[in-house]
Amino acid sequence: LQPRISRSDSALQAESDAEIAAWMPEYAPPLRAQAPPYCRAPPSEKDDQAMQEWIYGELNTRCHPTRLAVRCERNRRYDSFVPCAQELMNHLAEDYSAMRGWCDFSQASAAVPALQGVDPAAYKAFKQPPMQNVTGTNGTAEVRLAFFFTVYTDAAYQRRLLGHLYSPRHYYLFHLDAANSSPQFEREMRALAYNRTNVHFTKDVRIVYGAST
């Protein structure tokens with residue numbers, strides 16, 4: 001048997017201190033936003049720099065979620081509560097590119113994936129024929145609208161909102177935030193659709209506050 005070589009606590013501590021002193025963090029280059037493939041690259045380096053500066057400014061901006069009269073804060077450090085900063089920056093790059101007219105949304109890569117968990121009855125209801133040659137009480141042509149809501153709380157408010165917007169000729173789709181809403185809230189929301197064939201529900205997308213959902 002080989003004799004065990006014991007090392008003193010001081011020797012172990014000295015070795016650990018040496019490793020810590022020699023450690024150097026790896027350099028991480030600054031993140032740069034990239035627009036999706038259906039948006040062309042900024043036409044010049046100056047345009048690209050302007051886009052990057054705008055995006056970093058948006059990352060440091062916080063606005064009140066409901067009180068629009070409250071001034072936004074624009075010097076708050078970005079908190080990475082979204083899946084990753086790069087993902088959010090890329091979505092902001094799409095917003096900026098769209099504002100500048102650099103995107104072609106007719107490309108196949110720009111198509112929005114279809115929701116998979118919509119009530120089966122919605123597919124039939126949403127395929128009603130267009131309203132042709134139909135005029136309203138004021139003599140103008142009628143149109144059929146589709147309303148999309150993302151909700152997670154305050155069923156009483158949702159009832160009032162739907163009551164103000166409801167019309168038998170329009171479509172209404174409520175996306176329930178399954179992670180933050182209660183079963184009671186879902187039951188109350190589904191009660192809104194009682195005897196209404198044009199009000200439907202889905203829970204496809206996990207909602208992340210401040211992210212691209």
# chains A, B, ... in the order shown; residues from 1 in each chain; ligands from 1

call {"tool": "residues_around", "arguments": {"residues": "segment 50-56 of chain A", "least_positions_apart": "2", "cutoff": "8 Å", "atoms": "only C-alpha atoms", "output": "ChimeraX atom specification"}}
result
/A:32-33,46-48,58-60,89,92-93,96

call {"tool": "residues_around", "arguments": {"residues": "Thr153 of chain A", "least_positions_apart": "4", "cutoff": "12 Å", "atoms": "only C-alpha atoms", "output": "PyMOL selection string"}}
result
chain A and resi 149+157-159+175-189

call {"tool": "residues_around", "arguments": {"residues": "Leu165 of chain A", "least_positions_apart": "6", "cutoff": "12 Å", "atoms": "only C-alpha atoms", "output": "PyMOL selection string"}}
result
chain A and resi 145-149+158-159+171-172+199

call {"tool": "atom_distance", "arguments": {"atom1": "atom CA of Asp95 of chain A", "atom2": "atom CA of Phe201 of chain A"}}
result
27.6 Å

call {"tool": "atom_distance", "arguments": {"atom1": "atom CA of His91 of chain A", "atom2": "atom CA of Ser106 of chain A"}}
result
17.9 Å

call {"tool": "select_by_dssp", "arguments": {"residues": "segment 12-208 of chain A", "states": "strand (DSSP E)", "output": "PyMOL selection string"}}
result
chain A and resi 146-151+171-176+199-202

call {"tool": "write_last_selection", "arguments": {"atoms": "N, CA, C and O atoms", "output": "PDB file, in the first residue's frame"}}
result
ATOM      1  N   ALA A 146     -61.680  41.150 -36.306  1.00  0.00           N
ATOM      2  CA  ALA A 146     -61.219  40.104 -35.400  1.00  0.00           C
ATOM      3  C   ALA A 146     -60.477  40.770 -34.246  1.00  0.00           C
ATOM      4  O   ALA A 146     -59.516  41.503 -34.461  1.00  0.00           O
ATOM      5  N   PHE A 147     -60.936  40.524 -33.022  1.00  0.00           N
ATOM      6  CA  PHE A 147     -60.322  41.078 -31.824  1.00  0.00           C
ATOM      7  C   PHE A 147     -59.524  39.983 -31.116  1.00  0.00           C
ATOM      8  O   PHE A 147     -60.011  38.866 -30.938  1.00  0.00           O
ATOM      9  N   PHE A 148     -58.303  40.313 -30.733  1.00  0.00           N
ATOM     10  CA  PHE A 148     -57.437  39.360 -30.041  1.00  0.00           C
ATOM     11  C   PHE A 148     -57.045  39.942 -28.688  1.00  0.00           C
ATOM     12  O   PHE A 148     -56.536  41.063 -28.613  1.00  0.00           O
ATOM     13  N   PHE A 149     -57.298  39.202 -27.605  1.00  0.00           N
ATOM     14  CA  PHE A 149     -57.002  39.664 -26.256  1.00  0.00           C
ATOM     15  C   PHE A 149     -56.063  38.675 -25.565  1.00  0.00           C
ATOM     16  O   PHE A 149     -56.238  37.470 -25.691  1.00  0.00           O
ATOM     17  N   THR A 150     -55.087  39.194 -24.837  1.00  0.00           N
ATOM     18  CA  THR A 150     -54.266  38.379 -23.941  1.00  0.00           C
ATOM     19  C   THR A 150     -54.643  38.742 -22.520  1.00  0.00           C
ATOM     20  O   THR A 150     -54.470  39.891 -22.107  1.00  0.00           O
ATOM     21  N   VAL A 151     -55.165  37.793 -21.762  1.00  0.00           N
ATOM     22  CA  VAL A 151     -55.736  38.092 -20.443  1.00  0.00           C
ATOM     23  C   VAL A 151     -55.228  37.092 -19.414  1.00  0.00           C
ATOM     24  O   VAL A 151     -54.845  35.964 -19.752  1.00  0.00           O
ATOM     25  N   TYR A 171     -65.359  38.756 -34.667  1.00  0.00           N
ATOM     26  CA  TYR A 171     -64.718  37.604 -34.040  1.00  0.00           C
ATOM     27  C   TYR A 171     -63.970  38.068 -32.786  1.00  0.00           C
ATOM     28  O   TYR A 171     -63.383  39.150 -32.772  1.00  0.00           O
ATOM     29  N   TYR A 172     -63.938  37.206 -31.758  1.00  0.00           N
ATOM     30  CA  TYR A 172     -63.251  37.543 -30.517  1.00  0.00           C
ATOM     31  C   TYR A 172     -62.477  36.320 -30.043  1.00  0.00           C
ATOM     32  O   TYR A 172     -63.067  35.259 -29.829  1.00  0.00           O
ATOM     33  N   LEU A 173     -61.175  36.476 -29.916  1.00  0.00           N
ATOM     34  CA  LEU A 173     -60.329  35.369 -29.463  1.00  0.00           C
ATOM     35  C   LEU A 173     -59.566  35.817 -28.213  1.00  0.00           C
ATOM     36  O   LEU A 173     -58.800  36.782 -28.255  1.00  0.00           O
ATOM     37  N   PHE A 174     -59.791  35.113 -27.104  1.00  0.00           N
ATOM     38  CA  PHE A 174     -59.109  35.406 -25.848  1.00  0.00           C
ATOM     39  C   PHE A 174     -57.982  34.396 -25.644  1.00  0.00           C
ATOM     40  O   PHE A 174     -58.220  33.187 -25.635  1.00  0.00           O
ATOM     41  N   HIS A 175     -56.757  34.903 -25.505  1.00  0.00           N
ATOM     42  CA  HIS A 175     -55.630  34.033 -25.172  1.00  0.00           C
ATOM     43  C   HIS A 175     -55.409  34.107 -23.671  1.00  0.00           C
ATOM     44  O   HIS A 175     -55.077  35.155 -23.128  1.00  0.00           O
ATOM     45  N   LEU A 176     -55.610  32.995 -22.978  1.00  0.00           N
ATOM     46  CA  LEU A 176     -55.460  32.947 -21.529  1.00  0.00           C
ATOM     47  C   LEU A 176     -54.005  32.647 -21.165  1.00  0.00           C
ATOM     48  O   LEU A 176     -53.414  31.700 -21.689  1.00  0.00           O
ATOM     49  N   VAL A 199     -67.083  33.911 -29.983  1.00  0.00           N
ATOM     50  CA  VAL A 199     -66.127  34.181 -28.915  1.00  0.00           C
ATOM     51  C   VAL A 199     -65.424  32.869 -28.586  1.00  0.00           C
ATOM     52  O   VAL A 199     -66.075  31.870 -28.266  1.00  0.00           O
ATOM     53  N   HIS A 200     -64.073  32.876 -28.647  1.00  0.00           N
ATOM     54  CA  HIS A 200     -63.316  31.631 -28.487  1.00  0.00           C
ATOM     55  C   HIS A 200     -62.083  31.864 -27.628  1.00  0.00           C
ATOM     56  O   HIS A 200     -61.714  33.000 -27.334  1.00  0.00           O
ATOM     57  N   PHE A 201     -61.418  30.751 -27.253  1.00  0.00           N
ATOM     58  CA  PHE A 201     -60.309  30.801 -26.320  1.00  0.00           C
ATOM     59  C   PHE A 201     -59.169  29.916 -26.785  1.00  0.00           C
ATOM     60  O   PHE A 201     -59.360  28.936 -27.507  1.00  0.00           O
ATOM     61  N   THR A 202     -57.954  30.265 -26.336  1.00  0.00           N
ATOM     62  CA  THR A 202     -56.776  29.448 -26.599  1.00  0.00           C
ATOM     63  C   THR A 202     -55.775  29.695 -25.480  1.00  0.00           C
ATOM     64  O   THR A 202     -55.855  30.698 -24.761  1.00  0.00           O
TER      65      THR A 202
END

call {"tool": "closest_residue", "arguments": {"among": "A:Asp9, A:Ser97, A:Met24, A:His164", "to": "Pro37 of chain A", "atoms": "only C-alpha atoms"}}
result
A:Ser97

call {"tool": "atom_distance", "arguments": {"atom1": "atom CA of Ala191 of chain A", "atom2": "atom CA of Leu162 of chain A"}}
result
12.1 Å

call {"tool": "closest_residue", "arguments": {"among": "A:Asn198, A:Ser8, A:Gln34, A:Ser167", "to": "Leu88 of chain A", "atoms": "only C-alpha atoms"}}
result
A:Gln34

call {"tool": "residues_around", "arguments": {"residues": "Arg62 of chain A", "least_positions_apart": "3", "cutoff": "7 Å", "atoms": "only C-alpha atoms", "output": "count of residues only"}}
result
3
